[in-house]
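Here is final32.csv, consisting of CSV, C-alpha atoms:
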```csv
chain,number,residue,atom,x,y,z
L,1,MET,CA,33.6,-138.3,26.2
L,2,ASP,CA,32.0,-138.7,22.7
L,3,VAL,CA,34.4,-140.4,20.3
L,4,GLY,CA,34.4,-141.2,16.6
L,5,VAL,CA,36.0,-143.6,14.2
L,6,LEU,CA,36.5,-142.6,10.6
L,7,GLY,CA,36.8,-145.8,8.5
L,8,VAL,CA,35.3,-149.0,9.9
L,9,GLY,CA,37.0,-151.7,7.9
L,10,ALA,CA,38.8,-154.5,9.8
L,11,MET,CA,40.9,-152.2,12.0
L,12,GLY,CA,38.3,-149.5,12.4
L,13,ARG,CA,35.7,-152.1,13.7
L,14,ASN,CA,38.2,-153.1,16.4
L,15,HIS,CA,38.5,-149.4,17.4
L,16,VAL,CA,34.7,-149.2,17.6
L,17,ARG,CA,34.5,-152.4,19.7
L,18,VAL,CA,37.1,-151.3,22.2
L,19,TYR,CA,35.8,-147.7,22.6
L,20,SER,CA,32.4,-149.2,23.3
L,21,GLU,CA,33.9,-151.2,26.2
L,22,LEU,CA,35.9,-148.3,27.8
L,23,LYS,CA,34.7,-146.5,30.8
L,24,GLY,CA,34.4,-142.8,30.3
L,25,VAL,CA,33.2,-143.2,26.7
L,26,ASP,CA,29.6,-142.0,26.1
L,27,THR,CA,28.6,-142.2,22.4
L,28,VAL,CA,30.7,-143.7,19.7
L,29,TYR,CA,30.1,-142.3,16.2
L,30,VAL,CA,31.3,-143.9,12.9
L,31,TYR,CA,31.5,-142.8,9.3
L,32,ASP,CA,32.5,-144.9,6.3
L,33,PRO,CA,31.6,-144.1,2.7
L,34,VAL,CA,31.0,-147.8,2.2
L,35,GLN,CA,27.6,-148.2,3.8
L,36,GLU,CA,28.1,-151.9,4.4
L,37,ASN,CA,31.1,-151.2,6.6
L,38,ALA,CA,29.2,-148.6,8.6
L,39,GLN,CA,26.2,-150.8,9.2
L,40,ARG,CA,28.5,-153.6,10.5
L,41,ALA,CA,29.6,-151.2,13.2
L,42,SER,CA,26.1,-149.9,14.0
L,43,GLU,CA,25.7,-152.5,16.8
L,44,PHE,CA,28.2,-150.5,18.9
L,45,ALA,CA,27.9,-147.0,17.4
L,46,THR,CA,25.8,-144.3,15.9
L,47,VAL,CA,26.3,-144.0,12.1
L,48,CYS,CA,27.0,-140.5,10.7
L,49,ARG,CA,26.3,-139.4,7.1
L,50,SER,CA,29.6,-137.6,6.6
L,51,SER,CA,33.0,-137.0,8.1
L,52,GLU,CA,31.9,-133.4,8.8
L,53,GLU,CA,29.0,-134.6,10.8
L,54,LEU,CA,31.1,-137.0,12.9
L,55,LEU,CA,33.8,-134.3,13.6
L,56,ALA,CA,31.1,-131.9,14.7
L,57,ARG,CA,29.9,-134.4,17.3
L,58,ALA,CA,33.0,-136.1,18.6
L,59,GLU,CA,35.7,-134.8,20.9
L,60,ALA,CA,38.2,-137.4,19.8
L,61,VAL,CA,38.5,-139.5,16.7
L,62,SER,CA,40.4,-142.5,15.4
L,63,ILE,CA,41.4,-142.2,11.8
L,64,CYS,CA,41.4,-145.8,10.4
L,65,VAL,CA,40.9,-145.1,6.7
L,66,PRO,CA,43.3,-146.3,4.0
L,67,THR,CA,46.7,-144.6,4.2
L,68,ARG,CA,46.2,-142.4,1.1
L,69,TYR,CA,43.4,-140.6,3.0
L,70,HIS,CA,45.2,-140.0,6.3
L,71,PHE,CA,46.6,-136.6,5.4
L,72,GLU,CA,43.2,-135.2,4.2
L,73,LEU,CA,41.1,-136.5,7.1
L,74,ALA,CA,43.7,-135.8,9.8
L,75,ARG,CA,44.1,-132.2,8.6
L,76,GLU,CA,40.3,-131.9,8.5
L,77,ALA,CA,40.1,-133.2,12.1
L,78,VAL,CA,42.8,-130.8,13.4
L,79,LYS,CA,41.1,-127.8,11.7
L,80,ALA,CA,37.8,-128.9,13.3
L,81,GLY,CA,39.6,-128.9,16.7
L,82,VAL,CA,39.2,-132.6,17.3
L,83,ASN,CA,41.8,-134.7,19.0
L,84,CYS,CA,42.9,-137.5,16.8
L,85,LEU,CA,44.7,-140.8,16.7
L,86,ILE,CA,46.0,-141.6,13.2
L,87,GLU,CA,46.5,-145.3,12.5
L,88,LYS,CA,50.1,-146.0,11.2
L,89,PRO,CA,51.7,-144.9,9.0
L,90,ILE,CA,51.0,-141.2,9.8
L,91,THR,CA,50.5,-140.4,6.1
L,92,LEU,CA,51.2,-141.9,2.7
L,93,THR,CA,54.4,-139.8,2.1
L,94,VAL,CA,57.0,-138.0,4.1
L,95,GLN,CA,56.0,-134.7,2.4
L,96,GLU,CA,52.4,-135.1,3.5
L,97,GLY,CA,53.6,-135.9,7.0
L,98,GLU,CA,55.7,-132.8,7.1
L,99,ARG,CA,52.7,-130.6,6.0
L,100,LEU,CA,50.4,-132.3,8.6
L,101,LEU,CA,52.9,-131.8,11.4
L,102,GLU,CA,52.9,-128.1,10.6
L,103,GLU,CA,49.1,-128.0,11.1
L,104,ILE,CA,49.3,-130.1,14.3
L,105,GLU,CA,52.0,-127.9,15.8
L,106,LYS,CA,49.7,-124.8,15.4
L,107,SER,CA,47.0,-126.5,17.5
L,108,ASP,CA,46.8,-127.4,21.2
L,109,LEU,CA,45.2,-130.8,20.4
L,110,THR,CA,46.3,-134.2,21.5
L,111,VAL,CA,47.4,-136.0,18.3
L,112,GLY,CA,49.0,-139.4,18.2
L,113,VAL,CA,50.0,-142.2,15.8
L,114,GLY,CA,48.6,-145.7,16.3
L,115,HIS,CA,51.7,-147.9,16.5
L,116,ILE,CA,49.9,-150.6,18.5
L,117,GLU,CA,52.9,-152.7,19.3
L,118,ARG,CA,54.3,-149.9,21.5
L,119,PHE,CA,51.5,-150.9,23.9
L,120,ASN,CA,52.3,-154.6,23.9
L,121,PRO,CA,53.6,-155.3,27.4
L,122,ILE,CA,56.6,-157.3,26.1
L,123,VAL,CA,58.0,-154.1,24.5
L,124,GLU,CA,58.6,-152.6,28.0
L,125,GLU,CA,60.2,-155.9,29.1
L,126,ILE,CA,62.5,-155.9,26.1
L,127,LYS,CA,63.5,-152.3,26.9
L,128,LYS,CA,64.3,-153.2,30.5
L,129,ILE,CA,66.3,-156.3,29.6
L,130,ALA,CA,68.0,-155.4,26.4
L,131,GLN,CA,69.8,-152.1,27.0
L,132,ARG,CA,72.1,-151.5,24.1
L,133,PRO,CA,72.3,-155.2,23.0
L,134,ASP,CA,74.9,-156.5,20.6
L,135,TYR,CA,72.4,-158.1,18.3
L,136,VAL,CA,68.6,-157.8,17.7
L,137,SER,CA,66.5,-159.8,15.2
L,138,ILE,CA,62.8,-159.1,14.8
L,139,LYS,CA,60.6,-161.0,12.4
L,140,ARG,CA,57.0,-160.1,11.4
L,141,HIS,CA,55.6,-162.4,8.8
L,142,ASN,CA,52.0,-162.7,7.6
L,143,PRO,CA,50.0,-164.8,5.1
L,144,THR,CA,48.8,-162.9,2.0
L,145,SER,CA,46.0,-160.5,2.8
L,146,ASN,CA,43.7,-158.3,0.7
L,147,ARG,CA,43.3,-155.8,3.5
L,148,ILE,CA,46.2,-153.5,2.5
L,149,THR,CA,46.1,-152.0,-1.0
L,150,ASP,CA,48.1,-148.8,-0.8
L,151,ALA,CA,51.2,-149.7,1.3
L,152,SER,CA,54.2,-151.9,0.8
L,153,VAL,CA,55.2,-154.5,3.5
L,154,VAL,CA,57.5,-151.9,4.9
L,155,GLU,CA,54.7,-149.4,5.9
L,156,ASP,CA,52.2,-152.2,6.5
L,157,LEU,CA,54.2,-154.6,8.8
L,158,MET,CA,57.8,-153.6,9.2
L,159,ILE,CA,56.9,-150.1,10.5
L,160,HIS,CA,55.9,-151.6,13.9
L,161,ASP,CA,59.4,-152.9,14.5
L,162,ILE,CA,61.0,-149.8,13.1
L,163,ASP,CA,59.1,-147.9,15.8
L,164,ILE,CA,60.4,-150.3,18.5
L,165,VAL,CA,64.0,-150.2,17.3
L,166,PHE,CA,64.4,-146.5,16.7
L,167,ASN,CA,62.0,-145.0,19.3
L,168,VAL,CA,62.4,-147.5,22.1
L,169,LEU,CA,65.6,-149.6,22.0
L,170,PHE,CA,67.8,-147.0,20.4
L,171,LYS,CA,65.9,-143.9,21.1
L,172,GLY,CA,68.0,-140.8,20.5
L,173,VAL,CA,70.8,-142.6,18.7
L,174,GLU,CA,71.2,-141.0,15.3
L,175,ASP,CA,74.5,-142.5,14.1
L,176,TYR,CA,73.7,-145.6,12.1
L,177,GLN,CA,73.6,-147.1,8.7
L,178,ILE,CA,70.7,-148.9,7.0
L,179,PHE,CA,70.9,-151.7,4.5
L,180,SER,CA,67.9,-153.2,2.8
L,181,ALA,CA,66.7,-155.6,0.1
L,182,GLY,CA,63.5,-157.2,-1.0
L,183,SER,CA,60.3,-156.4,-2.8
L,184,ARG,CA,56.8,-154.8,-2.2
L,185,ASN,CA,55.8,-157.9,-0.2
L,186,VAL,CA,58.9,-159.1,1.5
L,187,CYS,CA,61.8,-157.1,2.9
L,188,GLU,CA,64.9,-157.5,5.0
L,189,ALA,CA,66.5,-154.5,6.6
L,190,MET,CA,69.6,-154.2,8.8
L,191,ALA,CA,70.5,-151.2,10.9
L,192,VAL,CA,74.1,-151.0,12.0
L,193,PHE,CA,74.8,-148.9,15.1
L,194,SER,CA,78.2,-148.2,16.7
L,195,ASP,CA,78.0,-151.3,19.0
L,196,SER,CA,74.9,-153.1,17.8
L,197,VAL,CA,73.4,-154.8,14.7
L,198,VAL,CA,69.7,-155.0,14.2
L,199,SER,CA,68.0,-157.2,11.7
L,200,ILE,CA,64.3,-156.6,10.8
L,201,SER,CA,62.3,-158.8,8.4
L,202,ALA,CA,58.7,-158.6,7.2
L,203,SER,CA,56.7,-160.6,4.7
L,204,ARG,CA,53.2,-160.8,3.4
L,205,LEU,CA,54.0,-164.1,1.6
L,206,SER,CA,54.3,-166.4,4.6
L,207,SER,CA,52.2,-169.6,5.1
L,208,LYS,CA,52.6,-169.0,8.8
L,209,LYS,CA,51.9,-165.9,10.9
L,210,PHE,CA,54.6,-165.1,13.4
L,211,ARG,CA,55.9,-162.0,15.3
L,212,THR,CA,59.1,-162.8,17.2
L,213,PHE,CA,62.1,-161.1,18.6
L,214,TYR,CA,65.6,-162.4,19.5
L,215,VAL,CA,68.3,-160.4,21.4
L,216,GLU,CA,71.9,-161.3,22.2
L,217,ALA,CA,74.1,-159.6,24.7
L,218,GLU,CA,77.3,-160.7,26.3
L,219,GLU,CA,75.7,-162.1,29.5
L,220,PHE,CA,72.3,-163.4,28.1
L,221,THR,CA,70.1,-164.2,25.2
L,222,THR,CA,66.4,-163.2,25.1
L,223,GLU,CA,63.6,-164.3,22.8
L,224,GLY,CA,59.9,-163.7,22.8
L,225,ASP,CA,56.7,-163.6,20.9
L,226,PHE,CA,54.6,-160.5,20.4
L,227,MET,CA,51.4,-162.6,19.9
L,228,THR,CA,51.6,-164.8,22.9
L,229,GLN,CA,53.3,-162.1,24.9
L,230,GLU,CA,55.9,-164.5,26.3
L,231,VAL,CA,59.5,-163.6,27.0
L,232,TYR,CA,62.4,-166.0,27.9
L,233,ILE,CA,65.9,-165.1,29.1
L,234,TYR,CA,68.8,-167.6,28.7
L,235,ARG,CA,71.9,-167.1,30.9
L,236,LYS,CA,75.2,-169.0,30.7
L,237,PRO,CA,76.3,-170.5,34.0
L,238,GLY,CA,79.7,-171.3,32.5
L,239,LYS,CA,79.3,-175.1,32.6
L,240,TYR,CA,80.2,-177.2,29.6
L,241,ARG,CA,80.6,-180.9,29.2
L,242,VAL,CA,81.6,-183.3,26.4
L,243,GLU,CA,79.2,-186.0,25.4
L,244,GLY,CA,79.8,-188.1,22.4
L,245,GLU,CA,82.5,-185.7,21.2
L,246,ARG,CA,80.0,-182.8,21.3
L,247,TYR,CA,80.2,-179.8,23.5
L,248,LEU,CA,77.0,-179.3,25.5
L,249,GLN,CA,76.2,-176.1,27.3
L,250,GLU,CA,73.8,-175.9,30.3
L,251,ASN,CA,71.8,-172.7,30.4
L,252,ILE,CA,69.6,-171.1,33.0
L,253,ILE,CA,66.2,-170.3,31.5
L,254,GLU,CA,64.0,-167.7,33.0
L,255,LYS,CA,60.4,-167.0,31.9
L,256,VAL,CA,59.5,-163.4,32.4
L,257,LEU,CA,56.2,-162.8,34.1
L,258,VAL,CA,54.2,-160.5,31.7
L,259,ALA,CA,50.8,-159.1,32.5
L,260,LYS,CA,49.0,-160.0,29.3
L,261,VAL,CA,46.7,-157.3,27.9
L,262,GLU,CA,45.0,-156.4,24.6
L,263,PRO,CA,47.4,-153.7,23.2
L,264,LEU,CA,44.6,-151.9,21.3
L,265,LYS,CA,42.6,-151.4,24.6
L,266,VAL,CA,45.7,-150.0,26.3
L,267,GLU,CA,46.4,-147.8,23.3
L,268,LEU,CA,42.9,-146.3,23.1
L,269,LYS,CA,42.6,-145.8,26.9
L,270,THR,CA,46.0,-144.1,26.8
L,271,PHE,CA,44.8,-141.8,24.0
L,272,LEU,CA,41.7,-140.7,25.9
L,273,ASP,CA,43.6,-140.3,29.2
L,274,SER,CA,46.2,-138.1,27.3
L,275,ILE,CA,43.3,-135.9,26.2
L,276,ARG,CA,41.8,-135.6,29.7
L,277,GLN,CA,45.2,-134.9,31.2
L,278,ASP,CA,46.2,-132.5,28.4
L,279,LYS,CA,49.5,-134.3,27.7
L,280,SER,CA,51.2,-135.9,24.7
L,281,PHE,CA,50.3,-139.3,23.4
L,282,PRO,CA,53.3,-141.7,23.8
L,283,VAL,CA,53.7,-142.1,20.1
L,284,THR,CA,54.0,-138.5,18.9
L,285,PRO,CA,53.4,-137.2,15.4
L,286,GLN,CA,57.1,-136.4,15.3
L,287,GLU,CA,58.0,-140.1,16.0
L,288,GLY,CA,55.4,-141.2,13.5
L,289,LEU,CA,57.0,-139.0,10.8
L,290,LYS,CA,60.5,-140.3,11.8
L,291,ASN,CA,59.2,-143.9,11.3
L,292,LEU,CA,57.9,-143.0,7.9
L,293,GLU,CA,61.2,-141.4,6.9
L,294,ILE,CA,63.0,-144.6,7.8
L,295,CYS,CA,60.5,-146.6,5.8
L,296,GLU,CA,61.3,-144.5,2.8
L,297,ARG,CA,65.0,-145.1,3.2
L,298,ILE,CA,64.5,-148.8,3.5
L,299,LYS,CA,62.2,-148.9,0.5
L,300,SER,CA,64.9,-147.1,-1.6
L,301,GLY,CA,67.0,-150.3,-1.5
L,302,LEU,CA,64.2,-152.7,-2.6
L,303,LYS,CA,64.4,-152.1,-6.3
L,304,SER,CA,68.2,-151.7,-6.5
L,305,GLY,CA,69.1,-154.6,-4.4
L,306,LEU,CA,71.3,-154.3,-1.3
L,307,LYS,CA,71.9,-150.6,-0.6
L,308,ALA,CA,73.4,-148.6,2.3
L,309,GLU,CA,72.4,-145.2,3.4
L,310,LYS,CA,74.0,-143.0,6.1
L,311,GLY,CA,72.1,-142.4,9.3
L,312,LEU,CA,71.1,-138.9,10.3
L,313,GLN,CA,74.1,-137.0,11.7
```

Take the structure in this file and express it as structure tokens.
Amino acid sequence: MDVGVLGVGAMGRNHVRVYSELKGVDTVYVYDPVQENAQRASEFATVCRSSEELLARAEAVSICVPTRYHFELAREAVKAGVNCLIEKPITLTVQEGERLLEEIEKSDLTVGVGHIERFNPIVEEIKKIAQRPDYVSIKRHNPTSNRITDASVVEDLMIHDIDIVFNVLFKGVEDYQIFSAGSRNVCEAMAVFSDSVVSISASRLSSKKFRTFYVEAEEFTTEGDFMTQEVYIYRKPGKYRVEGERYLQENIIEKVLVAKVEPLKVELKTFLDSIRQDKSFPVTPQEGLKNLEICERIKSGLKSGLKAEKGLQ
């Protein structure tokens, strides 16, 4: 299969590298209006002079341009009959996402949204372990970066965990409230379900990069790291003792065996396999739009302080 990458900045170059390593990929085409970016990718790909030229040659394309161009280029790809994977978020605004979804639904193409953490192996482990947990906390903090210019921290970082919470852990649950506070570069959001509380935080101001989750249920506590792909489960054996007038609890600690992989490689292989098998990509455009809608609701509380909104009924 001939594939293409539109936009070969930091993320786009990773797409080019992985496509060039995948079996079943013939030629990789790239286009970027910034010639310097395109030339950096020329080691692994053939450089095109325009997006039209690339779409005429490729059967599948990754759209890795800045978010403000997602709608325009994704619509162009769909009209050209090219299967596409749109890096998250699906579009810059919900309105653009709704218009794009109308175009996609008229086609018979495979179109997906690149929520890379969905393909992190620990997400499936969390799903198996933490079914309707009492409490979930996910933190995704980054040092300051010049890479993102047209998205707040909610669409840039928090959206990964929004996807995990609303499309994996609590998939199909629509009765919830959302509370949020913060700024363009740091945000804390809380989703309150009937029997569960979920806290999500994201920052672009941290001096340390970390991606962690923590889950509490009646019988166990689970914590893990998205970067190291390690998961631990703590269980209470019911044994307590007093030492120096302090209560000490002895826990059983289990380390979950996780087959560590590069999530992007799994994501792009899944995208191409979905095309070949004529089936939906795991992260559908509908889910991508839902994630963006939740981002908008969270962002509505950032300027006005702590604010609650009703979940979809």

Checklist entry - Skipping near chain neighbours, those fewer than 2 positions away, what residues fall within 10 Å of Ser207 (chain L) using only C-alpha atoms, listed as a ChimeraX atom specification? => result /L:141-144,204-205,209-210

Keeping only C-alpha atoms, take the residues you just selected and write them out as a short mmCIF file (atom, residue, chain, number, x, y, z; two decimals), in the frame of the given file.
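The new file result.cif reads:
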```cif
data_model
loop_
_atom_site.label_atom_id
_atom_site.label_comp_id
_atom_site.auth_asym_id
_atom_site.auth_seq_id
_atom_site.Cartn_x
_atom_site.Cartn_y
_atom_site.Cartn_z
CA HIS L 141 55.60 -162.40 8.80
CA ASN L 142 52.00 -162.70 7.60
CA PRO L 143 50.00 -164.80 5.10
CA THR L 144 48.80 -162.90 2.00
CA ARG L 204 53.20 -160.80 3.40
CA LEU L 205 54.00 -164.10 1.60
CA LYS L 209 51.90 -165.90 10.90
CA PHE L 210 54.60 -165.10 13.40
#
```

Item to check | Spatial neighbours of region 267-281 of chain L, 10 Å, only C-alpha atoms, chain gap at least 4 places, as a PyMOL selection string | outcome: chain L and resi 1+3+15+18-19+22-25+59-62+83-85+108-120+262-263+285

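Among the candidates L:Ser20, L:Thr67, L:Thr222, L:Ser107, the one nearest to Lys127 (chain L) when counting all atoms listed in the file is L:Thr222.
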
Next on the checklist: So that I can see what lies close to Leu292 (chain L), please list as a VMD selection string the residues with an atom at most 10 Å from it, counting all atoms listed in the file and leaving out residues fewer than 5 positions away in the same chain.
Outcome noted: chain L and resid 88 to 94 97 154 to 155 159 162 to 163 286 to 287 297 to 298

Item to check | CA of Arg184 (chain L) to CA of Leu264 (chain L), straight-line distance in Å | outcome: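 So the two atoms, CA of Leu264 (chain L) and CA of Arg184 (chain L), lie 26.6 Å apart.
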
Item to check | Selection near region 166-183 of chain L, 10 Å with only C-alpha atoms, sequence-local residues under 4 positions removed, as a PyMOL selection string | outcome: chain L and resi 118+123-124+126-128+130-133+136+152-154+161-162+187-203+283+287-288+290-291+294+297-313

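CA of Val186 (chain L) to CA of Ser206 (chain L) spans 9.2 Å [interatomic distance, one decimal].
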
Checklist entry - What is the CA of Thr221 (chain L) to CA of Lys236 (chain L) distance in Å? => result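 Spanning CA of Thr221 (chain L) to CA of Lys236 (chain L) is a straight-line distance of 8.9 Å.
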
Item to check | Residue among L:Asp225, L:Glu125, L:Glu216, L:Glu293 lying closest to Val258 (chain L), counting only C-alpha atoms | outcome: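 Answer, going by the shortest atom-to-atom distance: L:Glu125.
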
Checklist entry - L:Leu73, L:Ala56, L:Ala151, L:Ile63: which is nearest Val16 (chain L), counting all atoms listed in the file? => result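 Going through L:Leu73, L:Ala56, L:Ala151, L:Ile63 one by one, the smallest distance to Val16 (chain L) is for L:Ile63.
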
Next on the checklist: Just want the 10 Å neighbourhood of Glu72 (chain L), counted on only C-alpha atoms, with same-chain residues fewer than 3 positions away dropped. Output as a PyMOL selection string.
Outcome noted: chain L and resi 68-69+75-77+91+96+100
